[in-house]
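Content type CSV, C-alpha atoms, from the file work_39.csv:
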chain,number,residue,atom,x,y,z
U,1,MET,CA,27.8,-70.5,19.0
U,2,SER,CA,28.6,-71.5,22.6
U,3,ASP,CA,31.9,-70.9,24.4
U,4,ASP,CA,32.3,-74.6,25.0
U,5,HIS,CA,34.9,-75.0,22.3
U,6,ASP,CA,37.1,-72.1,23.1
U,7,ASP,CA,39.9,-74.5,24.1
U,8,SER,CA,39.8,-76.3,20.7
U,9,PRO,CA,42.2,-75.2,18.0
U,10,ILE,CA,41.2,-72.0,16.3
U,11,ALA,CA,40.9,-73.6,12.9
U,12,ALA,CA,38.2,-75.9,14.2
U,13,ARG,CA,36.4,-73.0,15.8
U,14,VAL,CA,36.5,-71.0,12.6
U,15,ARG,CA,35.1,-74.0,10.6
U,16,GLU,CA,32.4,-74.4,13.3
U,17,LEU,CA,31.3,-70.8,13.1
U,18,GLU,CA,31.2,-71.0,9.3
U,19,ALA,CA,29.0,-74.1,9.5
U,20,VAL,CA,26.6,-72.4,11.9
U,21,LEU,CA,26.4,-69.4,9.6
U,22,GLU,CA,25.8,-71.5,6.5
U,23,GLU,CA,23.1,-73.5,8.3
U,24,LYS,CA,21.3,-70.2,9.2
U,25,GLY,CA,21.6,-69.0,5.7
U,26,LEU,CA,23.9,-66.1,6.7
U,27,LEU,CA,26.8,-67.2,4.6
U,28,ASP,CA,27.6,-69.4,1.7
U,29,ALA,CA,30.8,-70.9,0.3
U,30,THR,CA,30.6,-69.0,-3.0
U,31,GLU,CA,30.6,-65.7,-1.1
U,32,LEU,CA,33.8,-66.8,0.8
U,33,ASP,CA,35.5,-67.6,-2.5
U,34,ARG,CA,34.5,-64.3,-4.0
U,35,ALA,CA,35.7,-62.4,-1.0
U,36,LEU,CA,39.1,-64.2,-1.0
U,37,GLU,CA,39.5,-63.7,-4.7
U,38,ALA,CA,38.8,-60.0,-4.4
U,39,PHE,CA,41.5,-59.8,-1.8
U,40,ALA,CA,44.1,-62.0,-3.4
U,41,HIS,CA,43.9,-61.0,-7.1
U,42,LYS,CA,43.1,-57.3,-6.9
U,43,ALA,CA,45.6,-56.5,-4.2
U,44,SER,CA,49.2,-56.6,-5.3
U,45,PRO,CA,52.3,-54.6,-4.8
U,46,ALA,CA,52.9,-54.8,-8.6
U,47,ASN,CA,50.2,-52.1,-8.8
U,48,GLY,CA,52.2,-49.8,-6.5
U,49,PHE,CA,55.3,-50.5,-8.5
U,50,ARG,CA,53.6,-49.5,-11.7
U,51,VAL,CA,52.4,-46.2,-10.2
U,52,VAL,CA,55.9,-45.3,-9.0
U,53,ALA,CA,57.5,-46.2,-12.3
U,54,ARG,CA,55.0,-44.0,-14.2
U,55,ALA,CA,55.6,-41.1,-11.8
U,56,TRP,CA,59.4,-41.5,-12.3
U,57,VAL,CA,59.1,-41.2,-16.1
U,58,ASP,CA,56.1,-38.8,-16.4
U,59,ASP,CA,56.4,-35.5,-14.5
U,60,GLY,CA,52.8,-34.5,-15.3
U,61,PHE,CA,51.5,-37.8,-13.9
U,62,LYS,CA,53.7,-37.4,-10.8
U,63,ALA,CA,52.3,-33.9,-10.2
U,64,ARG,CA,48.7,-35.1,-10.6
U,65,LEU,CA,49.4,-38.1,-8.3
U,66,LEU,CA,50.8,-36.0,-5.5
U,67,ALA,CA,48.0,-33.5,-5.9
U,68,ASN,CA,45.1,-36.0,-5.9
U,69,ALA,CA,46.1,-39.7,-6.1
U,70,ASN,CA,42.5,-41.0,-6.4
U,71,GLU,CA,42.0,-38.9,-9.5
U,72,ALA,CA,45.4,-39.9,-11.0
U,73,LEU,CA,45.2,-43.6,-10.5
U,74,PRO,CA,42.8,-44.3,-13.3
U,75,GLU,CA,45.5,-43.1,-15.7
U,76,VAL,CA,47.3,-46.4,-15.0
U,77,GLY,CA,44.1,-48.4,-14.8
U,78,LEU,CA,43.8,-48.5,-11.0
U,79,SER,CA,41.4,-47.1,-8.4
U,80,MET,CA,40.9,-46.8,-4.7
U,81,GLY,CA,37.3,-48.1,-5.0
U,82,GLY,CA,37.9,-51.8,-4.9
U,83,GLY,CA,37.6,-52.4,-1.1
U,84,LEU,CA,34.8,-52.2,1.4
U,85,GLN,CA,34.8,-48.4,1.3
U,86,VAL,CA,36.6,-45.8,-0.8
U,87,GLN,CA,39.6,-44.2,0.9
U,88,GLN,CA,41.5,-41.1,0.0
U,89,LEU,CA,45.1,-42.1,-1.0
U,90,HIS,CA,47.9,-39.6,-0.3
U,91,VAL,CA,51.1,-40.2,-2.1
U,92,VAL,CA,54.1,-38.7,-0.3
U,93,GLU,CA,57.3,-38.1,-2.1
U,94,ASN,CA,60.8,-38.9,-0.9
U,95,THR,CA,63.4,-36.2,-1.7
U,96,GLU,CA,67.0,-35.5,-0.8
U,97,GLU,CA,65.8,-33.6,2.3
U,98,VAL,CA,62.7,-35.7,3.3
U,99,HIS,CA,62.1,-39.4,3.8
U,100,ASN,CA,58.5,-40.6,4.4
U,101,VAL,CA,57.3,-43.7,6.2
U,102,ILE,CA,53.7,-44.9,6.8
U,103,VAL,CA,52.0,-46.6,9.7
U,104,CYS,CA,48.6,-47.1,11.3
U,105,THR,CA,49.1,-46.6,15.0
U,106,LEU,CA,45.5,-47.6,15.8
U,107,CYS,CA,45.2,-50.8,13.8
U,108,SER,CA,46.4,-51.8,10.3
U,109,CYS,CA,45.1,-49.3,7.7
U,110,TYR,CA,47.1,-49.9,4.6
U,111,PRO,CA,46.6,-49.2,0.8
U,112,LEU,CA,46.0,-52.9,0.2
U,113,SER,CA,45.1,-52.6,-3.5
U,114,LEU,CA,48.4,-51.0,-4.3
U,115,LEU,CA,50.7,-52.8,-1.8
U,116,GLY,CA,49.1,-56.2,-1.5
U,117,PRO,CA,48.4,-57.9,1.8
U,118,SER,CA,50.2,-56.2,4.6
U,119,PRO,CA,53.1,-57.9,6.4
U,120,THR,CA,52.7,-59.0,10.0
U,121,TRP,CA,55.3,-56.5,11.2
U,122,TYR,CA,53.3,-53.6,9.8
U,123,LYS,CA,50.4,-54.8,12.0
U,124,SER,CA,52.5,-55.5,15.1
U,125,PRO,CA,52.4,-53.3,18.2
U,126,ALA,CA,56.2,-53.1,18.0
U,127,TYR,CA,56.2,-51.3,14.7
U,128,ARG,CA,53.1,-49.2,15.3
U,129,SER,CA,54.3,-48.0,18.7
U,130,LYS,CA,57.9,-47.2,17.9
U,131,VAL,CA,57.9,-45.8,14.4
U,132,VAL,CA,56.2,-42.6,15.5
U,133,SER,CA,58.5,-42.0,18.4
U,134,GLU,CA,61.8,-43.4,17.1
U,135,PRO,CA,61.5,-43.6,13.3
U,136,ARG,CA,65.2,-43.4,12.7
U,137,GLU,CA,65.8,-46.4,15.0
U,138,VAL,CA,63.1,-48.4,13.4
U,139,LEU,CA,64.4,-47.7,9.9
U,140,ARG,CA,67.8,-48.8,11.1
U,141,GLN,CA,66.3,-52.2,12.1
U,142,PHE,CA,65.2,-52.5,8.5
U,143,GLY,CA,68.8,-51.7,7.4
U,144,LEU,CA,68.0,-48.2,6.2
U,145,GLU,CA,70.5,-45.7,7.5
U,146,LEU,CA,69.5,-42.1,6.6
U,147,PRO,CA,71.8,-39.1,6.8
U,148,ALA,CA,71.4,-37.2,10.0
U,149,ALA,CA,70.2,-34.1,8.0
U,150,THR,CA,67.3,-36.0,6.4
U,151,GLU,CA,64.0,-35.1,7.9
U,152,ILE,CA,61.8,-38.2,8.5
U,153,ARG,CA,58.0,-37.7,8.2
U,154,VAL,CA,55.7,-40.4,9.6
U,155,TRP,CA,52.2,-40.6,8.2
U,156,ASP,CA,49.5,-42.2,10.3
U,157,ALA,CA,46.7,-43.7,8.3
U,158,ASN,CA,43.1,-43.9,9.5
U,159,ALA,CA,39.7,-45.2,8.4
U,160,GLU,CA,39.4,-42.6,5.6
U,161,SER,CA,43.0,-42.0,4.5
U,162,ARG,CA,45.7,-44.2,3.2
U,163,TYR,CA,49.3,-43.3,2.4
U,164,MET,CA,51.9,-44.6,0.0
U,165,VAL,CA,55.5,-43.5,-0.3
U,166,LEU,CA,56.9,-42.4,-3.7
U,167,PRO,CA,60.6,-43.5,-3.4
U,168,ARG,CA,63.4,-41.6,-5.0
U,169,ARG,CA,64.4,-42.9,-8.4
U,170,PRO,CA,67.7,-44.8,-8.1
U,171,ALA,CA,70.8,-43.3,-9.8
U,172,ASN,CA,71.9,-44.5,-13.2
U,173,THR,CA,68.5,-45.7,-14.3
U,174,GLU,CA,68.1,-43.2,-17.2
U,175,LYS,CA,68.2,-46.0,-19.8
U,176,LEU,CA,65.7,-48.3,-18.1
U,177,THR,CA,62.2,-48.7,-19.5
U,178,GLU,CA,59.1,-47.9,-17.4
U,179,GLU,CA,58.6,-51.7,-16.9
U,180,GLU,CA,62.2,-52.2,-15.8
U,181,LEU,CA,61.9,-49.3,-13.4
U,182,ALA,CA,58.8,-50.9,-11.9
U,183,GLY,CA,61.0,-54.0,-11.2
U,184,ARG,CA,63.3,-51.9,-9.1
U,185,VAL,CA,60.6,-50.9,-6.6
U,186,THR,CA,60.0,-53.0,-3.5
U,187,ARG,CA,57.0,-53.3,-1.2
U,188,ASN,CA,59.0,-51.9,1.7
U,189,GLY,CA,60.0,-49.0,-0.5
U,190,LEU,CA,56.3,-48.1,-0.8
U,191,ILE,CA,55.9,-48.3,3.0
U,192,GLY,CA,59.2,-46.3,3.6
U,193,THR,CA,61.2,-48.9,5.4
U,194,ALA,CA,63.5,-49.3,2.4
U,195,ALA,CA,65.0,-46.7,0.1
U,196,VAL,CA,63.4,-48.0,-3.1
R,1,MET,CA,40.7,-43.1,27.9
R,2,PRO,CA,42.7,-44.6,25.0
R,3,ARG,CA,41.9,-48.2,24.1
R,4,ILE,CA,44.7,-50.8,24.2
R,5,ASN,CA,45.0,-50.7,20.4
R,6,ASP,CA,46.2,-47.0,20.6
R,7,VAL,CA,49.9,-47.9,20.9
R,8,GLY,CA,51.5,-44.9,19.1
R,9,GLY,CA,54.6,-43.8,21.1
R,10,GLN,CA,54.3,-46.5,23.8
R,11,ASP,CA,57.4,-48.4,24.9
R,12,GLY,CA,57.8,-52.1,25.7
R,13,PHE,CA,56.7,-53.9,22.6
R,14,GLY,CA,60.3,-55.0,21.6
R,15,PRO,CA,62.0,-54.9,18.3
R,16,VAL,CA,60.2,-55.0,14.9
R,17,LEU,CA,60.6,-58.5,13.5
R,18,GLU,CA,60.5,-58.8,9.8
R,19,GLU,CA,59.7,-62.2,8.3
R,20,LEU,CA,61.3,-62.7,4.9
R,21,ASP,CA,59.1,-63.8,2.1
R,22,GLU,CA,56.1,-63.8,4.3
R,23,PRO,CA,53.0,-65.4,2.8
R,24,PRO,CA,49.7,-63.4,2.9
R,25,PHE,CA,48.3,-65.9,5.4
R,26,HIS,CA,50.1,-68.3,7.7
R,27,ALA,CA,47.2,-70.8,7.8
R,28,ASP,CA,44.0,-71.5,5.9
R,29,TRP,CA,41.8,-70.4,8.8
R,30,GLU,CA,43.3,-66.9,8.6
R,31,ALA,CA,42.1,-66.6,5.0
R,32,HIS,CA,38.7,-67.9,6.1
R,33,VAL,CA,38.4,-65.3,8.8
R,34,LEU,CA,39.2,-62.5,6.4
R,35,ALA,CA,36.7,-63.9,3.8
R,36,MET,CA,34.0,-64.4,6.4
R,37,ASN,CA,34.4,-60.9,7.6
R,38,ARG,CA,34.1,-59.4,4.1
R,39,ALA,CA,31.1,-61.5,3.3
R,40,LEU,CA,29.3,-60.7,6.6
R,41,ILE,CA,29.9,-57.0,6.1
R,42,GLY,CA,28.8,-57.3,2.5
R,43,ARG,CA,25.5,-58.8,3.7
R,44,GLY,CA,25.1,-56.0,6.2
R,45,LEU,CA,25.1,-58.1,9.3
R,46,TYR,CA,27.4,-55.4,10.7
R,47,ASN,CA,29.4,-52.6,9.2
R,48,LEU,CA,33.1,-51.8,8.9
R,49,ASP,CA,33.0,-49.3,11.7
R,50,GLU,CA,31.3,-51.7,14.1
R,51,PHE,CA,33.9,-54.3,13.2
R,52,ARG,CA,36.8,-51.9,13.9
R,53,ASP,CA,35.1,-51.0,17.2
R,54,ALA,CA,34.7,-54.7,18.1
R,55,VAL,CA,38.4,-55.4,17.4
R,56,GLU,CA,39.5,-52.5,19.5
R,57,ARG,CA,37.3,-53.4,22.5
R,58,THR,CA,38.0,-57.2,22.5
R,59,MET,CA,41.6,-57.4,21.3
R,60,SER,CA,44.5,-58.7,23.2
R,61,HIS,CA,48.2,-58.1,22.5
R,62,GLN,CA,48.8,-61.7,23.3
R,63,SER,CA,46.6,-62.8,20.4
R,64,SER,CA,47.6,-62.9,16.8
R,65,TYR,CA,46.1,-60.4,14.3
R,66,TYR,CA,43.5,-62.8,12.9
R,67,GLU,CA,42.8,-64.3,16.3
R,68,ASN,CA,41.7,-60.8,17.3
R,69,TRP,CA,39.6,-60.5,14.1
R,70,PHE,CA,37.9,-63.8,14.9
R,71,ARG,CA,37.1,-62.8,18.4
R,72,ALA,CA,35.6,-59.5,17.1
R,73,ILE,CA,33.4,-61.3,14.6
R,74,GLN,CA,32.2,-63.8,17.2
R,75,THR,CA,31.4,-60.9,19.6
R,76,LEU,CA,29.4,-58.9,17.0
R,77,LEU,CA,27.5,-61.9,15.9
R,78,LYS,CA,26.5,-62.8,19.5
R,79,GLU,CA,25.7,-59.2,20.4
R,80,LYS,CA,23.4,-58.9,17.4
R,81,GLY,CA,21.7,-62.2,18.1
R,82,HIS,CA,22.9,-64.0,14.9
R,83,VAL,CA,24.5,-67.0,16.7
Spell out the structure here as structure tokens.
Amino acid sequence: MSDDHDDSPIAARVRELEAVLEEKGLLDATELDRALEAFAHKASPANGFRVVARAWVDDGFKARLLANANEALPEVGLSMGGGLQVQQLHVVENTEEVHNVIVCTLCSCYPLSLLGPSPTWYKSPAYRSKVVSEPREVLRQFGLELPAATEIRVWDANAESRYMVLPRRPANTEKLTEEELAGRVTRNGLIGTAAV
Amino acid sequence: MPRINDVGGQDGFGPVLEELDEPPFHADWEAHVLAMNRALIGRGLYNLDEFRDAVERTMSHQSSYYENWFRAIQTLLKEKGHV
């Protein structure tokens, strides 16, 4: 591909590269569909919600999840092996004393299969630069005001490791079913930029 | 020397802007870039580490996330003589 079209809209340049690769037999349309499907259908925050709800109702599962998440995930029908390479998942638990938040300062590492596609802000230099130096201020921008006594731990993901936050179970939810509890969890709660 | 992607602790990137109800992709071409990258890695034209390295050495903070991806893919394919 030449640089002659660099001023054309990027959509056209992407189509052009696809066409060149297809012509050379380096890519075919079915492969693209398969790759997109793997991304769109296997990656959903509903998976993370389910993991959290199970941990809230089952102390044994929670202990196994915190000890070795990759080994515990199959108990709820999930695994960390669906992507391009297997990563070790670390689940970090919020308590009265400690609040956790995740980031990838170098790029965009994220537990995609459990949290779904990552939001643009997670990948932005603004979030990646600031959450490690001023986490309390960044959480405030998300509307999360933590008590001064709460310790904030920031977990920086990398090529081999992914992190997911286990939020605190909300008060007055004793009567809720596991499924209803899963409905209380939010994507930002799994990142740590929301309480639940 | 740290590469420009290594932004942890740096100042000057402004506030974190959250987009409500953000879709996974903002345009079709972004989905195509993601799919193309997975397919090319799947075929072994380059590997995930080479892709990460290419993103880091060709990225611009002025470009969007998937624009940076596309630039990295183009760079690798050229360097390896595929296009």
Using all atoms listed in the file, what table do you get, as CSV, when you list each residue of chain R with an atom no more than 10 Å from segment 133-149 of chain U, its nearest pair of atoms, and their distance in Å rounded to one decimal, rows by chain then rising number?
residue,atom,partner,partner_atom,distance
R:Gly8,CA,U:Ser133,CA,7.6
R:Gly9,CA,U:Ser133,CA,5.1
R:Gln10,CA,U:Ser133,CA,8.2
R:Asp11,CA,U:Ser133,CA,9.2
R:Pro15,CA,U:Gln141,CA,8.0
R:Val16,CA,U:Gln141,CA,7.3
R:Leu17,CA,U:Gln141,CA,8.6
R:Glu18,CA,U:Phe142,CA,8.0
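For chain U, the residues having at least one atom no farther than 6 Å from chain R, when counting all atoms listed in the file, are U:Met1, U:Ala11, U:Leu32, U:Ala35, U:Leu36, U:Thr105, U:Leu106, U:Pro117, U:Trp121, U:Ala126, U:Tyr127, U:Arg128, U:Ser129, U:Lys130, U:Val132, U:Ser133.
For the pair atom CA of Leu115 of chain U and atom CA of Asn47 of chain U, the interatomic distance is 7.1 Å.
Going from atom CA of Arg153 of chain U over to atom CA of Val196 of chain U, you cover 16.2 Å.
Between atom CA of Ser113 of chain U and atom CA of Leu65 of chain U the interatomic distance comes to 15.9 Å.
Comparing U:Leu26, U:Ser108, U:Leu66, U:Gly183 by their smallest distance to Tyr46 of chain R, the closest is U:Leu26 (using all atoms listed in the file).
Ranking U:Phe49, U:Trp56, U:Trp155, U:Phe61 by their shortest atom-to-atom distance to Val131 of chain U, with only C-alpha atoms included, puts U:Trp155 first.
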Practice problem: Would you kindly return, as a list in words, each protein, DNA or RNA residue with an atom no farther than 7 Å from any atom of segment 79-87 of chain U, considering all atoms listed in the file and excluding same-chain residues fewer than 6 positions away? | Solution: Asn70, Leu73, Glu160, Ser161 and Arg162 of chain U
Quiz prompt | Spatial neighbours of His99 of chain U, max dist 7 Å, only C-alpha atoms, sep filter under 3 positions, as a PyMOL selection string | solution = chain U and resi 94-95+150-153
